[in-house]
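Have a look at structure-v5.cif; it's mmCIF, C-alpha atoms:
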```cif
data_target
loop_
_atom_site.label_atom_id
_atom_site.label_comp_id
_atom_site.auth_asym_id
_atom_site.auth_seq_id
_atom_site.Cartn_x
_atom_site.Cartn_y
_atom_site.Cartn_z
CA MET A 1 -65.85 -90.45 -105.55
CA LYS A 2 -68.19 -91.74 -108.26
CA ILE A 3 -67.13 -92.06 -111.88
CA VAL A 4 -69.23 -93.18 -114.83
CA VAL A 5 -67.00 -94.96 -117.36
CA ALA A 6 -68.71 -94.82 -120.77
CA HIS A 7 -67.45 -97.00 -123.60
CA ASN A 8 -68.77 -98.72 -126.71
CA ARG A 9 -66.83 -101.97 -126.84
CA TYR A 10 -65.48 -103.12 -130.19
CA ARG A 11 -66.56 -106.54 -131.47
CA GLN A 12 -64.86 -109.55 -129.93
CA ALA A 13 -63.90 -110.65 -133.43
CA GLN A 14 -61.81 -107.44 -133.69
CA PRO A 15 -59.19 -107.56 -130.90
CA SER A 16 -59.02 -104.13 -129.30
CA GLY A 17 -56.43 -102.57 -127.09
CA GLU A 18 -59.04 -99.95 -126.24
CA ASN A 19 -61.31 -102.56 -124.67
CA THR A 20 -58.36 -103.90 -122.68
CA ILE A 21 -57.38 -100.47 -121.39
CA VAL A 22 -60.95 -99.65 -120.33
CA ASP A 23 -61.20 -102.92 -118.41
CA ALA A 24 -57.82 -102.32 -116.76
CA GLU A 25 -58.69 -98.76 -115.73
CA ILE A 26 -62.02 -99.85 -114.24
CA ALA A 27 -60.18 -102.50 -112.20
CA GLN A 28 -57.49 -100.02 -111.09
CA LEU A 29 -60.01 -97.35 -110.08
CA THR A 30 -62.09 -99.89 -108.16
CA ALA A 31 -58.99 -101.17 -106.37
CA ALA A 32 -58.19 -97.57 -105.39
CA GLY A 33 -61.60 -97.23 -103.71
CA VAL A 34 -63.37 -95.28 -106.47
CA ASP A 35 -67.04 -96.09 -107.02
CA VAL A 36 -67.10 -96.96 -110.74
CA LEU A 37 -70.40 -97.02 -112.62
CA PRO A 38 -69.79 -98.73 -115.99
CA PHE A 39 -71.97 -97.47 -118.83
CA ILE A 40 -70.87 -100.00 -121.41
CA ARG A 41 -72.38 -101.05 -124.71
CA SER A 42 -70.93 -103.51 -127.21
CA SER A 43 -71.05 -103.69 -130.97
CA ASP A 44 -71.64 -107.44 -130.48
CA GLU A 45 -75.18 -106.47 -129.45
CA ILE A 46 -76.06 -105.26 -132.95
CA PRO A 47 -76.95 -108.63 -134.60
CA SER A 48 -79.51 -109.41 -131.87
CA MET A 49 -81.22 -106.01 -131.99
CA SER A 50 -84.82 -105.66 -133.11
CA LYS A 51 -85.55 -104.51 -136.64
CA ALA A 52 -86.70 -101.15 -135.31
CA ALA A 53 -83.44 -100.66 -133.39
CA LYS A 54 -81.37 -101.68 -136.40
CA ALA A 55 -83.28 -99.18 -138.54
CA LEU A 56 -82.04 -96.39 -136.22
CA LEU A 57 -78.41 -97.51 -136.32
CA PRO A 58 -77.39 -95.20 -139.19
CA ILE A 59 -78.21 -92.13 -137.09
CA SER A 60 -76.98 -93.51 -133.75
CA PRO A 61 -73.49 -91.98 -134.10
CA ILE A 62 -75.18 -88.57 -134.27
CA TYR A 63 -77.84 -89.23 -131.64
CA ALA A 64 -78.61 -92.51 -129.88
CA PRO A 65 -81.93 -91.94 -128.07
CA GLN A 66 -81.97 -95.12 -125.99
CA ALA A 67 -78.43 -94.53 -124.74
CA GLN A 68 -79.28 -90.95 -123.73
CA GLN A 69 -82.38 -92.09 -121.83
CA GLU A 70 -80.47 -94.81 -119.99
CA LEU A 71 -77.56 -92.51 -119.21
CA GLY A 72 -79.93 -89.81 -117.98
CA ARG A 73 -81.50 -92.26 -115.54
CA LEU A 74 -78.07 -93.38 -114.33
CA LEU A 75 -76.91 -89.82 -113.74
CA THR A 76 -80.13 -88.86 -111.95
CA GLU A 77 -80.00 -91.88 -109.66
CA HIS A 78 -76.30 -91.91 -108.76
CA ARG A 79 -75.22 -88.27 -109.21
CA PRO A 80 -71.61 -89.06 -110.15
CA ASP A 81 -68.72 -86.63 -109.90
CA VAL A 82 -67.50 -87.14 -113.46
CA LEU A 83 -68.16 -89.08 -116.66
CA HIS A 84 -65.10 -90.62 -118.30
CA LEU A 85 -65.75 -91.34 -121.97
CA HIS A 86 -63.69 -93.59 -124.22
CA ASN A 87 -65.25 -94.73 -127.54
CA PRO A 88 -68.82 -93.50 -128.23
CA TYR A 89 -69.40 -95.24 -131.60
CA PRO A 90 -71.82 -96.45 -132.72
CA LEU A 91 -74.25 -97.14 -129.85
CA LEU A 92 -73.54 -94.29 -127.41
CA SER A 93 -72.92 -91.27 -129.67
CA PRO A 94 -70.90 -88.21 -128.64
CA TRP A 95 -74.28 -86.90 -127.45
CA VAL A 96 -73.47 -88.51 -124.09
CA VAL A 97 -71.28 -85.44 -123.49
CA ARG A 98 -74.32 -83.18 -123.84
CA THR A 99 -76.42 -85.49 -121.68
CA ALA A 100 -73.81 -85.41 -118.92
CA HIS A 101 -73.54 -81.62 -119.06
CA LYS A 102 -77.33 -81.35 -118.92
CA HIS A 103 -77.06 -83.11 -115.56
CA ASN A 104 -74.16 -80.86 -114.49
CA VAL A 105 -71.66 -83.71 -114.67
CA PRO A 106 -68.22 -82.78 -116.09
CA VAL A 107 -66.78 -84.96 -118.84
CA VAL A 108 -63.28 -86.33 -119.37
CA GLN A 109 -62.45 -88.20 -122.56
CA THR A 110 -59.48 -90.45 -123.20
CA VAL A 111 -58.62 -89.99 -126.87
CA HIS A 112 -57.52 -93.25 -128.48
CA ASN A 113 -57.55 -92.06 -132.11
CA TYR A 114 -58.15 -89.03 -134.36
CA ARG A 115 -61.89 -89.35 -134.84
CA GLN A 116 -62.67 -85.75 -133.96
CA VAL A 117 -61.50 -85.05 -137.54
CA CYS A 118 -60.80 -88.31 -139.37
CA SER A 119 -63.70 -90.63 -140.22
CA SER A 120 -61.49 -93.73 -139.97
CA GLY A 121 -59.79 -92.34 -136.87
CA LEU A 122 -56.35 -93.21 -138.21
CA TYR A 123 -55.01 -90.30 -140.29
CA PHE A 124 -53.88 -93.10 -142.62
CA ARG A 125 -55.05 -94.12 -146.09
CA ASP A 126 -53.65 -96.23 -148.92
CA GLY A 127 -50.46 -97.00 -147.02
CA MET A 128 -49.64 -93.35 -146.23
CA ILE A 129 -50.42 -90.69 -143.66
CA CYS A 130 -53.51 -88.75 -144.76
CA GLN A 131 -54.86 -85.56 -143.18
CA ASP A 132 -57.03 -84.40 -146.06
CA CYS A 133 -60.01 -83.72 -143.76
CA ARG A 134 -58.14 -81.42 -141.35
CA GLY A 135 -59.63 -77.95 -141.21
CA ARG A 136 -62.72 -78.86 -143.24
CA ALA A 137 -66.26 -78.23 -142.03
CA LEU A 138 -67.26 -81.52 -143.68
CA GLY A 139 -64.85 -84.36 -144.44
CA VAL A 140 -65.64 -84.67 -148.13
CA PRO A 141 -62.37 -86.54 -148.90
CA ALA A 142 -63.45 -89.27 -146.45
CA ILE A 143 -66.65 -89.71 -148.44
CA VAL A 144 -64.86 -89.76 -151.79
CA HIS A 145 -62.34 -92.36 -150.60
CA ARG A 146 -64.84 -94.48 -148.60
CA CYS A 147 -62.68 -94.12 -145.50
CA TYR A 148 -65.24 -95.51 -143.03
CA ARG A 149 -65.87 -99.23 -143.51
CA ASN A 150 -65.12 -98.89 -147.22
CA SER A 151 -68.62 -97.48 -147.76
CA ARG A 152 -69.42 -94.11 -149.29
CA THR A 153 -72.78 -94.02 -147.49
CA GLN A 154 -71.34 -94.88 -144.08
CA SER A 155 -68.44 -92.50 -144.65
CA ALA A 156 -70.94 -89.72 -145.39
CA LEU A 157 -72.79 -90.50 -142.15
CA MET A 158 -69.58 -90.47 -140.12
CA ALA A 159 -68.35 -87.25 -141.75
CA THR A 160 -71.71 -85.67 -140.96
CA THR A 161 -71.47 -86.91 -137.36
CA LEU A 162 -68.06 -85.27 -136.95
CA ALA A 163 -69.38 -82.01 -138.39
CA VAL A 164 -72.46 -82.00 -136.13
CA HIS A 165 -70.46 -82.79 -133.01
CA ARG A 166 -67.68 -80.25 -133.46
CA PRO A 167 -69.23 -78.09 -130.67
CA THR A 168 -69.75 -81.22 -128.56
CA TRP A 169 -66.09 -82.17 -128.65
CA ARG A 170 -65.03 -78.62 -127.91
CA SER A 171 -67.21 -78.66 -124.78
CA VAL A 172 -65.41 -81.63 -123.15
CA ASP A 173 -63.99 -80.45 -119.83
CA ARG A 174 -60.69 -82.33 -119.95
CA TYR A 175 -58.97 -84.52 -122.52
CA VAL A 176 -56.57 -87.34 -121.75
CA ALA A 177 -54.22 -87.78 -124.71
CA LEU A 178 -52.27 -91.02 -124.89
CA THR A 179 -49.37 -89.45 -126.79
CA SER A 180 -47.90 -86.05 -127.63
CA ALA A 181 -49.12 -86.57 -131.23
CA VAL A 182 -52.71 -86.92 -130.02
CA ALA A 183 -52.28 -83.83 -127.83
CA ALA A 184 -51.04 -81.88 -130.87
CA HIS A 185 -54.05 -83.12 -132.86
CA LEU A 186 -56.40 -81.81 -130.14
CA ARG A 187 -54.68 -78.42 -130.01
CA ASP A 188 -54.92 -78.20 -133.80
CA TYR A 189 -58.63 -78.99 -133.45
CA GLY A 190 -59.02 -75.95 -131.20
CA ILE A 191 -58.84 -77.46 -127.73
CA PRO A 192 -56.92 -75.18 -125.30
CA ALA A 193 -53.68 -76.72 -124.07
CA ASP A 194 -54.73 -76.33 -120.42
CA ARG A 195 -57.61 -78.76 -121.02
CA ILE A 196 -55.29 -81.53 -122.30
CA VAL A 197 -53.15 -83.87 -120.24
CA ILE A 198 -50.88 -86.59 -121.63
CA LYS A 199 -51.17 -89.97 -119.93
CA PRO A 200 -49.87 -93.04 -121.78
CA ASN A 201 -51.63 -96.35 -121.35
CA GLY A 202 -50.45 -98.34 -118.36
CA ILE A 203 -50.62 -101.89 -117.12
CA PRO A 204 -50.65 -103.30 -113.58
CA ASP A 205 -47.21 -103.65 -112.02
CA PRO A 206 -46.09 -107.19 -112.87
CA GLY A 207 -43.50 -107.21 -110.09
CA ARG A 208 -40.06 -108.67 -110.62
CA THR A 209 -39.59 -109.67 -114.25
CA ALA A 210 -37.32 -112.13 -115.98
CA PRO A 211 -34.12 -110.77 -117.58
CA LEU A 212 -34.56 -109.29 -121.03
CA GLY A 213 -33.77 -111.56 -123.94
CA ASP A 214 -32.57 -110.88 -127.46
CA GLY A 215 -34.55 -110.08 -130.60
CA PHE A 216 -37.72 -108.15 -131.31
CA LEU A 217 -41.18 -108.03 -129.83
CA LEU A 218 -44.10 -106.26 -131.50
CA PHE A 219 -47.16 -105.92 -129.30
CA GLY A 220 -50.07 -104.65 -131.36
CA ARG A 221 -52.60 -105.35 -134.06
CA LEU A 222 -51.04 -106.57 -137.29
CA SER A 223 -52.36 -103.84 -139.56
CA PRO A 224 -50.57 -101.32 -141.81
CA GLU A 225 -51.27 -98.23 -139.66
CA LYS A 226 -49.48 -99.84 -136.70
CA GLY A 227 -46.15 -99.55 -138.51
CA LEU A 228 -45.33 -103.22 -139.00
CA ASP A 229 -43.95 -102.57 -142.50
CA LEU A 230 -41.71 -99.81 -141.11
CA LEU A 231 -40.37 -102.15 -138.45
CA LEU A 232 -39.68 -104.92 -140.95
CA ASP A 233 -37.95 -102.49 -143.31
CA ALA A 234 -35.69 -101.25 -140.50
CA TRP A 235 -34.92 -104.84 -139.58
CA ARG A 236 -33.92 -105.70 -143.15
CA ARG A 237 -31.58 -102.69 -143.37
CA HIS A 238 -29.42 -103.75 -140.42
CA PRO A 239 -27.06 -106.70 -140.19
CA ASP A 240 -27.77 -109.41 -137.67
CA GLY A 241 -27.03 -108.27 -134.17
CA ALA A 242 -26.98 -104.54 -135.00
CA LEU A 243 -30.34 -103.83 -133.34
#
```
Spit out the file's structure as C-alpha cells when you get a sec.
Amino acid sequence: MKIVVAHNRYRQAQPSGENTIVDAEIAQLTAAGVDVLPFIRSSDEIPSMSKAAKALLPISPIYAPQAQQELGRLLTEHRPDVLHLHNPYPLLSPWVVRTAHKHNVPVVQTVHNYRQVCSSGLYFRDGMICQDCRGRALGVPAIVHRCYRNSRTQSALMATTLAVHRPTWRSVDRYVALTSAVAAHLRDYGIPADRIVIKPNGIPDPGRTAPLGDGFLLFGRLSPEKGLDLLLDAWRRHPDGAL
C-alpha cells in the first residue's frame, strides 16, 4: 500500500505536537510495511524564498501553485492508494485535496484543530472559548478581532480561505478526529458522521515503565488555550495530597 503523507511543518521555533505526531505516524506506517511518500513543506523555508515566491505567500493558503504542480507529479509517478493530509497552511493549501481527487486519489485528513471554521484554529479568544464564526459564510468576527497572527489583513485572508474551501473540506473522503469534541465540530460543519472516525494521538509502546510517582505532570505547550490556568486553579482549590 502507498500513502502520501502531506503536512506543512510548523517553524522549529514554535514547538509543535502536530509535527511530532506526523513524524511518529510516518515511522509507524513504515515499520508496518506501508510505502510512505512524504509530501512535506516547512514554514522554516519562507525566509529563504525568492522575492517572487514571497509575493505569492498571501494567496498560498487559498491556492499554492508550486505545491499543486509538485503534488501532481508525485501522484502521477507513484499512483498512491490514499493521501493523508495533516496541516496544509500556508505552503500546501487545502487545494491539495482537489489535486488528489483530480488524480482519483482519496483523501483522509487528521484534524488537529478547528480551522475549518476558526481562523486561529482554537475556538479561543481573550481567555475564553469563542465560536463567533460558527455558521457564518465569512468569518467577519475573526477579521474584527485580528484572530490570525494579530493582523486584520492576514485574518481577512484566512477567513476568505476558509470561505473558499468550504466545498473542499466537505469533499474529504474520511476525517480522523483526535477527540470527540473535534468530531462534534466536524458534524456541526456538515460532515456526515459515517465519514468521521475518532483516533487519539498515540506514541510507540515504551515497554515496561517505572512505577508512577506523586504530583502533577502537564505535557503540552504553555499557552492559555491548553488549560494551564484551569489546572493551576484546580490545584489551588485542593489541600495538599487531595489530588
For Glu45 of chain A, which residue out of A:Gly33, A:Ala27, A:Ser180, A:Gln12 is the nearest one, using only C-alpha atoms?
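Of the candidates, the smallest distance to Glu45 of chain A is held by A:Gln12.
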Do you know which residues are at most 12 Å from Ile129 of chain A counting only C-alpha atoms, after dropping those on the same chain fewer than 4 positions away, and could you put them as an MDAnalysis selection string?
chainID A and resid 118 121:125 133 224:227
Residues within 10 Å of Lys102 of chain A, please, as a PyMOL selection string. Count all atoms listed in the file; anything in the same chain fewer than 6 positions from it doesn't count.
chain A and resi 72+75+96
Between atom CA of Glu77 of chain A and atom CA of Thr99 of chain A, what distance in Å does the model show, to one decimal?
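Spanning atom CA of Glu77 of chain A to atom CA of Thr99 of chain A is a straight-line distance of 14.1 Å.
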Compile the contact shell of Val97 of chain A as a PDB file with C-alpha atoms, keeping the file's coordinate frame: residues with an atom at most 12 Å away, counting all atoms listed in the file, same-chain residues fewer than 5 positions apart removed.
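Generated output (around-v1.pdb):
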```pdb
ATOM      1  CA  VAL A   4     -69.230 -93.180-114.830  1.00  0.00           C
ATOM      2  CA  ALA A   6     -68.710 -94.820-120.770  1.00  0.00           C
ATOM      3  CA  ILE A  62     -75.180 -88.570-134.270  1.00  0.00           C
ATOM      4  CA  TYR A  63     -77.840 -89.230-131.640  1.00  0.00           C
ATOM      5  CA  ALA A  67     -78.430 -94.530-124.740  1.00  0.00           C
ATOM      6  CA  GLN A  68     -79.280 -90.950-123.730  1.00  0.00           C
ATOM      7  CA  LEU A  71     -77.560 -92.510-119.210  1.00  0.00           C
ATOM      8  CA  GLY A  72     -79.930 -89.810-117.980  1.00  0.00           C
ATOM      9  CA  VAL A  82     -67.500 -87.140-113.460  1.00  0.00           C
ATOM     10  CA  LEU A  83     -68.160 -89.080-116.660  1.00  0.00           C
ATOM     11  CA  HIS A  84     -65.100 -90.620-118.300  1.00  0.00           C
ATOM     12  CA  LEU A  85     -65.750 -91.340-121.970  1.00  0.00           C
ATOM     13  CA  HIS A  86     -63.690 -93.590-124.220  1.00  0.00           C
ATOM     14  CA  ASN A  87     -65.250 -94.730-127.540  1.00  0.00           C
ATOM     15  CA  PRO A  88     -68.820 -93.500-128.230  1.00  0.00           C
ATOM     16  CA  LEU A  92     -73.540 -94.290-127.410  1.00  0.00           C
ATOM     17  CA  LYS A 102     -77.330 -81.350-118.920  1.00  0.00           C
ATOM     18  CA  HIS A 103     -77.060 -83.110-115.560  1.00  0.00           C
ATOM     19  CA  ASN A 104     -74.160 -80.860-114.490  1.00  0.00           C
ATOM     20  CA  VAL A 105     -71.660 -83.710-114.670  1.00  0.00           C
ATOM     21  CA  PRO A 106     -68.220 -82.780-116.090  1.00  0.00           C
ATOM     22  CA  VAL A 107     -66.780 -84.960-118.840  1.00  0.00           C
ATOM     23  CA  VAL A 108     -63.280 -86.330-119.370  1.00  0.00           C
ATOM     24  CA  GLN A 109     -62.450 -88.200-122.560  1.00  0.00           C
ATOM     25  CA  HIS A 165     -70.460 -82.790-133.010  1.00  0.00           C
ATOM     26  CA  ARG A 166     -67.680 -80.250-133.460  1.00  0.00           C
ATOM     27  CA  PRO A 167     -69.230 -78.090-130.670  1.00  0.00           C
ATOM     28  CA  THR A 168     -69.750 -81.220-128.560  1.00  0.00           C
ATOM     29  CA  TRP A 169     -66.090 -82.170-128.650  1.00  0.00           C
ATOM     30  CA  ARG A 170     -65.030 -78.620-127.910  1.00  0.00           C
ATOM     31  CA  SER A 171     -67.210 -78.660-124.780  1.00  0.00           C
ATOM     32  CA  VAL A 172     -65.410 -81.630-123.150  1.00  0.00           C
ATOM     33  CA  ASP A 173     -63.990 -80.450-119.830  1.00  0.00           C
ATOM     34  CA  ARG A 174     -60.690 -82.330-119.950  1.00  0.00           C
TER      35      ARG A 174
END
```
Determine the nearest neighbour of Leu74 of chain A from the options A:His145, A:Arg195, A:Arg9, A:Lys2, counting only C-alpha atoms.
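Ranked by minimum distance to Leu74 of chain A, first place goes to A:Lys2.
Picture a line from atom CA of Ser93 of chain A to atom CA of Arg149 of chain A; it runs 17.5 Å.
Across the model, the gap from atom CA of Ala177 of chain A to atom CA of Asn19 of chain A is 16.4 Å.
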How would you write, as a VMD selection string, the residues chosen by the PyMOL selection byres ((chain A and resi 161) around 10) on this structure?
chain A and resid 59 to 63 93 to 94 116 119 138 155 to 160 162 to 166
What does the file look like for those residues with C-alpha atoms, as a PDB file, in the coordinates of the input?
```pdb
ATOM      1  CA  ILE A  59     -78.210 -92.130-137.090  1.00  0.00           C
ATOM      2  CA  SER A  60     -76.980 -93.510-133.750  1.00  0.00           C
ATOM      3  CA  PRO A  61     -73.490 -91.980-134.100  1.00  0.00           C
ATOM      4  CA  ILE A  62     -75.180 -88.570-134.270  1.00  0.00           C
ATOM      5  CA  TYR A  63     -77.840 -89.230-131.640  1.00  0.00           C
ATOM      6  CA  SER A  93     -72.920 -91.270-129.670  1.00  0.00           C
ATOM      7  CA  PRO A  94     -70.900 -88.210-128.640  1.00  0.00           C
ATOM      8  CA  GLN A 116     -62.670 -85.750-133.960  1.00  0.00           C
ATOM      9  CA  SER A 119     -63.700 -90.630-140.220  1.00  0.00           C
ATOM     10  CA  LEU A 138     -67.260 -81.520-143.680  1.00  0.00           C
ATOM     11  CA  SER A 155     -68.440 -92.500-144.650  1.00  0.00           C
ATOM     12  CA  ALA A 156     -70.940 -89.720-145.390  1.00  0.00           C
ATOM     13  CA  LEU A 157     -72.790 -90.500-142.150  1.00  0.00           C
ATOM     14  CA  MET A 158     -69.580 -90.470-140.120  1.00  0.00           C
ATOM     15  CA  ALA A 159     -68.350 -87.250-141.750  1.00  0.00           C
ATOM     16  CA  THR A 160     -71.710 -85.670-140.960  1.00  0.00           C
ATOM     17  CA  LEU A 162     -68.060 -85.270-136.950  1.00  0.00           C
ATOM     18  CA  ALA A 163     -69.380 -82.010-138.390  1.00  0.00           C
ATOM     19  CA  VAL A 164     -72.460 -82.000-136.130  1.00  0.00           C
ATOM     20  CA  HIS A 165     -70.460 -82.790-133.010  1.00  0.00           C
ATOM     21  CA  ARG A 166     -67.680 -80.250-133.460  1.00  0.00           C
TER      22      ARG A 166
END
```
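Shortest separation to Gln154 of chain A among A:Ala137, A:Leu218, A:Leu57, A:Ala31 occurs at residue A:Leu57, atoms counted being only C-alpha atoms.
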Answer key for the PyMOL selection byres ((chain A and resi 132) around 9), residues as a list in words:
Cys118, Tyr123, Cys130, Gln131, Cys133, Arg134, Gly135, Arg136, Gly139, Val140, Pro141 and Ala142 of chain A
Ranking A:Ile26, A:Ile40, A:Leu212, A:Met1 by minimum distance to Arg79 of chain A and counting all atoms listed in the file, which one comes first?
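Using all atoms listed in the file, the shortest distance to Arg79 of chain A belongs to A:Met1.
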Can you tell me, as a list of chain:residue names, what residues are no more than 8 Å from Ser42 of chain A when counting all atoms listed in the file, ignoring any on the same chain fewer than 4 positions away?
A:Asn8, A:Arg9, A:Tyr10, A:Arg11, A:Ile46, A:Leu91
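In this comparison, which uses only C-alpha atoms, the residue of A:His78, A:His185, A:Lys51, A:Arg73 approaching Asn113 of chain A most closely is A:His185.
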So, with all atoms listed in the file as the atoms that count, which of A:Gly127, A:Ile3, A:Gln66, A:Ala24 lies closest to Asp229 of chain A?
A:Gly127
Evaluate the PyMOL selection byres ((chain A and resi 193) around 12) and record the selected residues as a PyMOL selection string, following the chain and residue labels used in the document.
chain A and resi 173-177+180+182-192+194-198
